[in-house]
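Structure below is my_file.cif: mmCIF, C-alpha atoms and all ligand atoms.
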data_coords
loop_
_atom_site.label_atom_id
_atom_site.label_comp_id
_atom_site.auth_asym_id
_atom_site.auth_seq_id
_atom_site.Cartn_x
_atom_site.Cartn_y
_atom_site.Cartn_z
CA MET A 25 0.00 0.00 0.00
CA ILE A 26 1.19 3.49 -0.85
CA ALA A 27 0.62 5.84 2.07
CA ASP A 28 0.75 9.59 1.49
CA VAL A 29 1.03 11.74 4.60
CA THR A 30 0.57 15.50 4.37
CA LEU A 31 2.13 17.71 7.04
CA ARG A 32 0.92 21.26 7.59
CA ASP A 33 1.65 23.71 10.33
CA ARG A 34 -0.91 25.73 12.27
CA SER A 35 -1.17 28.30 9.51
CA ARG A 36 -1.84 25.50 6.99
CA GLN A 37 1.55 25.81 5.33
CA PRO A 38 3.32 22.63 4.19
CA VAL A 39 6.09 21.39 6.47
CA HIS A 40 9.33 20.51 4.66
CA GLY A 41 12.25 18.42 5.79
CA ALA A 42 10.50 16.25 8.37
CA ARG A 43 11.59 12.70 9.03
CA LEU A 44 8.63 10.32 9.15
CA GLN A 45 8.54 6.70 10.21
CA LEU A 46 5.49 4.50 9.84
CA GLN A 47 4.90 1.48 12.00
CA ALA A 48 1.96 -0.79 11.17
CA PHE A 49 0.76 -3.53 13.44
CA MET A 50 -2.12 -5.87 14.15
CA SER A 51 -3.56 -6.26 17.62
CA HIS A 52 -3.28 -10.03 17.97
CA PRO A 53 -0.15 -11.77 19.28
CA GLY A 54 2.56 -13.17 17.07
CA MET A 55 2.56 -10.50 14.37
CA ALA A 56 5.72 -8.58 13.61
CA PRO A 57 5.18 -4.90 12.90
CA VAL A 58 5.73 -3.61 9.38
CA LEU A 59 8.02 -0.59 9.21
CA ALA A 60 8.52 2.02 6.52
CA THR A 61 10.24 5.37 6.12
CA ALA A 62 8.42 8.12 4.26
CA GLU A 63 10.19 10.30 1.69
CA GLU A 64 9.09 13.82 0.90
CA ARG A 65 7.76 13.87 -2.66
CA ALA A 66 5.97 17.20 -2.93
CA ASP A 67 5.10 20.23 -0.85
CA GLY A 68 4.77 18.71 2.60
CA VAL A 69 3.61 15.38 1.18
CA TYR A 70 5.51 12.31 2.34
CA ARG A 71 5.12 8.89 0.77
CA ALA A 72 5.79 5.47 2.24
CA THR A 73 5.20 1.96 0.95
CA LEU A 74 3.82 -0.47 3.50
CA ARG A 75 3.89 -4.18 2.71
CA PHE A 76 1.16 -5.68 4.84
CA THR A 77 1.77 -9.30 5.69
CA MET A 78 -1.85 -10.26 6.40
CA ALA A 79 -5.37 -9.16 5.54
CA GLY A 80 -7.55 -7.68 8.27
CA PRO A 81 -7.45 -4.76 10.69
CA TRP A 82 -4.18 -2.84 11.04
CA THR A 83 -3.15 0.24 12.94
CA ILE A 84 -0.54 2.61 11.55
CA VAL A 85 1.41 4.86 13.89
CA ILE A 86 3.20 7.73 12.18
CA GLN A 87 6.06 9.28 14.11
CA GLY A 88 7.84 12.31 12.82
CA SER A 89 10.55 14.73 13.79
CA LEU A 90 10.27 18.19 12.37
CA PRO A 91 13.20 20.38 11.30
CA ASP A 92 12.70 22.59 14.39
CA GLY A 93 13.02 19.60 16.70
CA ARG A 94 9.37 19.08 17.48
CA THR A 95 7.89 15.62 17.16
CA VAL A 96 4.50 14.50 15.92
CA THR A 97 2.64 11.26 16.41
CA HIS A 98 -0.52 10.28 14.61
CA ARG A 99 -2.44 7.04 14.66
CA VAL A 100 -4.60 5.71 11.81
CA ASP A 101 -6.76 2.61 12.03
CA ILE A 102 -7.38 0.69 8.82
CA PRO A 103 -10.22 -1.69 9.61
CA ASP A 104 -9.96 -3.99 6.60
CA VAL A 105 -6.68 -4.34 4.74
CA GLN A 106 -7.18 -6.59 1.73
CA ALA A 107 -4.98 -9.62 1.11
CA GLY A 108 -1.91 -8.78 -0.90
CA GLY A 109 -2.27 -5.11 -0.02
CU CU B 1 -2.34 -10.63 11.75
#
Starting from the file, lay out its structure as structure tokens.
Amino acid sequence: MIADVTLRDRSRQPVHGARLQLQAFMSHPGMAPVLATAEERADGVYRATLRFTMAGPWTIVIQGSLPDGRTVTHRVDIPDVQAGG
């Protein structure tokens, strides 16, 4: 799955130069998390490729460090990842 993450500051301006890591996991035991690093592709838009290892519900946690040293964390639940996604 291609994941595009858009970062904007409080005045809605795109945030450049952030470092974003994505960590995807399922809630049941025995599943290794899937990790990806996002690359900035456009104005404040960061793209990562996640290779899910199983169909079903996944949670993605996005952790980022901004150029000014701040950090951001955002969680996204994907209720139904399709097989092979
Ligand atoms: Cu699983």
Q | Selected residue of minimal separation from ligand CU 1 (chain B) among A:Thr77, A:Asp101, A:Val58, A:Gly88, counting only C-alpha atoms and all ligand atoms | A |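 Going through A:Thr77, A:Asp101, A:Val58, A:Gly88 one by one, the smallest distance to ligand CU 1 (chain B) is for A:Thr77.
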Could I get the residues of chain A with an atom no further than 10 Å from an atom of ligand CU 1 (chain B), each paired with its nearest atom pair and that distance in Å to one decimal, using all atoms listed in the file, sorted by chain and residue number, as a Markdown table?
| residue | atom | partner | partner_atom | distance |
| --- | --- | --- | --- | --- |
| A:Phe49 | CA | B:CU1 | CU | 7.9 |
| A:Met50 | CA | B:CU1 | CU | 5.3 |
| A:Ser51 | CA | B:CU1 | CU | 7.4 |
| A:His52 | CA | B:CU1 | CU | 6.3 |
| A:Pro53 | CA | B:CU1 | CU | 7.9 |
| A:Gly54 | CA | B:CU1 | CU | 7.7 |
| A:Met55 | CA | B:CU1 | CU | 5.6 |
| A:Ala56 | CA | B:CU1 | CU | 8.5 |
| A:Pro57 | CA | B:CU1 | CU | 9.5 |
| A:Phe76 | CA | B:CU1 | CU | 9.2 |
| A:Thr77 | CA | B:CU1 | CU | 7.4 |
| A:Met78 | CA | B:CU1 | CU | 5.4 |
| A:Ala79 | CA | B:CU1 | CU | 7.1 |
| A:Gly80 | CA | B:CU1 | CU | 6.9 |
| A:Pro81 | CA | B:CU1 | CU | 7.9 |
| A:Trp82 | CA | B:CU1 | CU | 8.0 |
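Among the candidate residues A:Gln47, A:Arg71, A:Pro91, A:Pro103, the one lying nearest to Val29 in chain A is A:Arg71, with distances computed using only C-alpha atoms.
What separates CA of Asp33 in chain A from CA of Thr83 in chain A is a distance of 24.1 Å.
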Q | Who sits within 8 Å of range 65-69 of chain A, only C-alpha atoms, same chain under 5 positions skipped, as an NGL selection string | A | :A and (28-32 or 38-40)
Q: Using CA of Leu90 in chain A and CA of Gln45 in chain A as the two end points, give the distance in Å to one decimal.
A: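 Interatomic distance here is 11.8 Å.
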**Q.** Nearest-residue call for Val85 in chain A, choices A:Ala72, A:Ala107, A:Ala48, A:Ile102, using all atoms listed in the file
**A.**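 Checking each of A:Ala72, A:Ala107, A:Ala48, A:Ile102 against Val85 in chain A, counting all atoms listed in the file, the winner is A:Ala48.
For the pair CA of Ile86 in chain A and CA of Ser35 in chain A, the separation is 21.2 Å.
Of the residues listed (A:Arg99, A:Arg94, A:Arg75, A:Arg43), A:Arg43 shows the shortest atom-to-atom separation from Ala62 in chain A; distances use only C-alpha atoms.
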Axis-aligned box for range 87-90 of chain A, 8 Å per side, centre and edges in Å as AutoDock Vina command-line options:
--center_x 8.3 --center_y 13.7 --center_z 13.2 --size_x 20.5 --size_y 24.9 --size_z 17.7
Q. A:Asp104, A:Ile26, A:His98, A:Ser89: which is nearest Ala42 in chain A, counting all atoms listed in the file?
A. A:Ser89
Q | Selected residue, from A:Gly93, A:Gln87, A:Glu64, A:Gln106, that lies nearest to Gly41 in chain A when counting only C-alpha atoms | A |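 When distances to Gly41 in chain A are compared using only C-alpha atoms, the smallest one comes from A:Glu64.
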Could you please fill out range 73-84 of chain A with N, CA and C atoms and send it back as a PDB file, keeping the file's coordinate frame?
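So the final result, stored in out-v8.pdb, reads:
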ATOM      1  N   THR A  73       5.797   3.195   1.444  1.00  0.00           N
ATOM      2  CA  THR A  73       5.200   1.960   0.950  1.00  0.00           C
ATOM      3  C   THR A  73       5.179   0.949   2.078  1.00  0.00           C
ATOM      4  N   LEU A  74       3.980   0.523   2.432  1.00  0.00           N
ATOM      5  CA  LEU A  74       3.820  -0.470   3.500  1.00  0.00           C
ATOM      6  C   LEU A  74       3.456  -1.807   2.866  1.00  0.00           C
ATOM      7  N   ARG A  75       4.181  -2.843   3.241  1.00  0.00           N
ATOM      8  CA  ARG A  75       3.890  -4.180   2.710  1.00  0.00           C
ATOM      9  C   ARG A  75       3.232  -4.996   3.818  1.00  0.00           C
ATOM     10  N   PHE A  76       1.907  -4.949   3.816  1.00  0.00           N
ATOM     11  CA  PHE A  76       1.160  -5.680   4.840  1.00  0.00           C
ATOM     12  C   PHE A  76       1.344  -7.176   4.651  1.00  0.00           C
ATOM     13  N   THR A  77       1.479  -7.876   5.755  1.00  0.00           N
ATOM     14  CA  THR A  77       1.770  -9.300   5.690  1.00  0.00           C
ATOM     15  C   THR A  77       0.523 -10.150   5.935  1.00  0.00           C
ATOM     16  N   MET A  78      -0.628  -9.518   6.106  1.00  0.00           N
ATOM     17  CA  MET A  78      -1.850 -10.260   6.400  1.00  0.00           C
ATOM     18  C   MET A  78      -3.036  -9.343   6.166  1.00  0.00           C
ATOM     19  N   ALA A  79      -4.145  -9.934   5.685  1.00  0.00           N
ATOM     20  CA  ALA A  79      -5.370  -9.160   5.540  1.00  0.00           C
ATOM     21  C   ALA A  79      -6.013  -8.952   6.911  1.00  0.00           C
ATOM     22  N   GLY A  80      -6.841  -7.922   7.017  1.00  0.00           N
ATOM     23  CA  GLY A  80      -7.550  -7.680   8.270  1.00  0.00           C
ATOM     24  C   GLY A  80      -7.261  -6.303   8.819  1.00  0.00           C
ATOM     25  N   PRO A  81      -7.593  -6.095  10.094  1.00  0.00           N
ATOM     26  CA  PRO A  81      -7.450  -4.760  10.690  1.00  0.00           C
ATOM     27  C   PRO A  81      -6.004  -4.455  11.116  1.00  0.00           C
ATOM     28  N   TRP A  82      -5.520  -3.316  10.673  1.00  0.00           N
ATOM     29  CA  TRP A  82      -4.180  -2.840  11.040  1.00  0.00           C
ATOM     30  C   TRP A  82      -4.294  -1.440  11.624  1.00  0.00           C
ATOM     31  N   THR A  83      -3.305  -1.124  12.438  1.00  0.00           N
ATOM     32  CA  THR A  83      -3.150   0.240  12.940  1.00  0.00           C
ATOM     33  C   THR A  83      -1.798   0.759  12.465  1.00  0.00           C
ATOM     34  N   ILE A  84      -1.790   1.974  11.960  1.00  0.00           N
ATOM     35  CA  ILE A  84      -0.540   2.610  11.550  1.00  0.00           C
ATOM     36  C   ILE A  84      -0.249   3.754  12.513  1.00  0.00           C
TER      37      ILE A  84
END
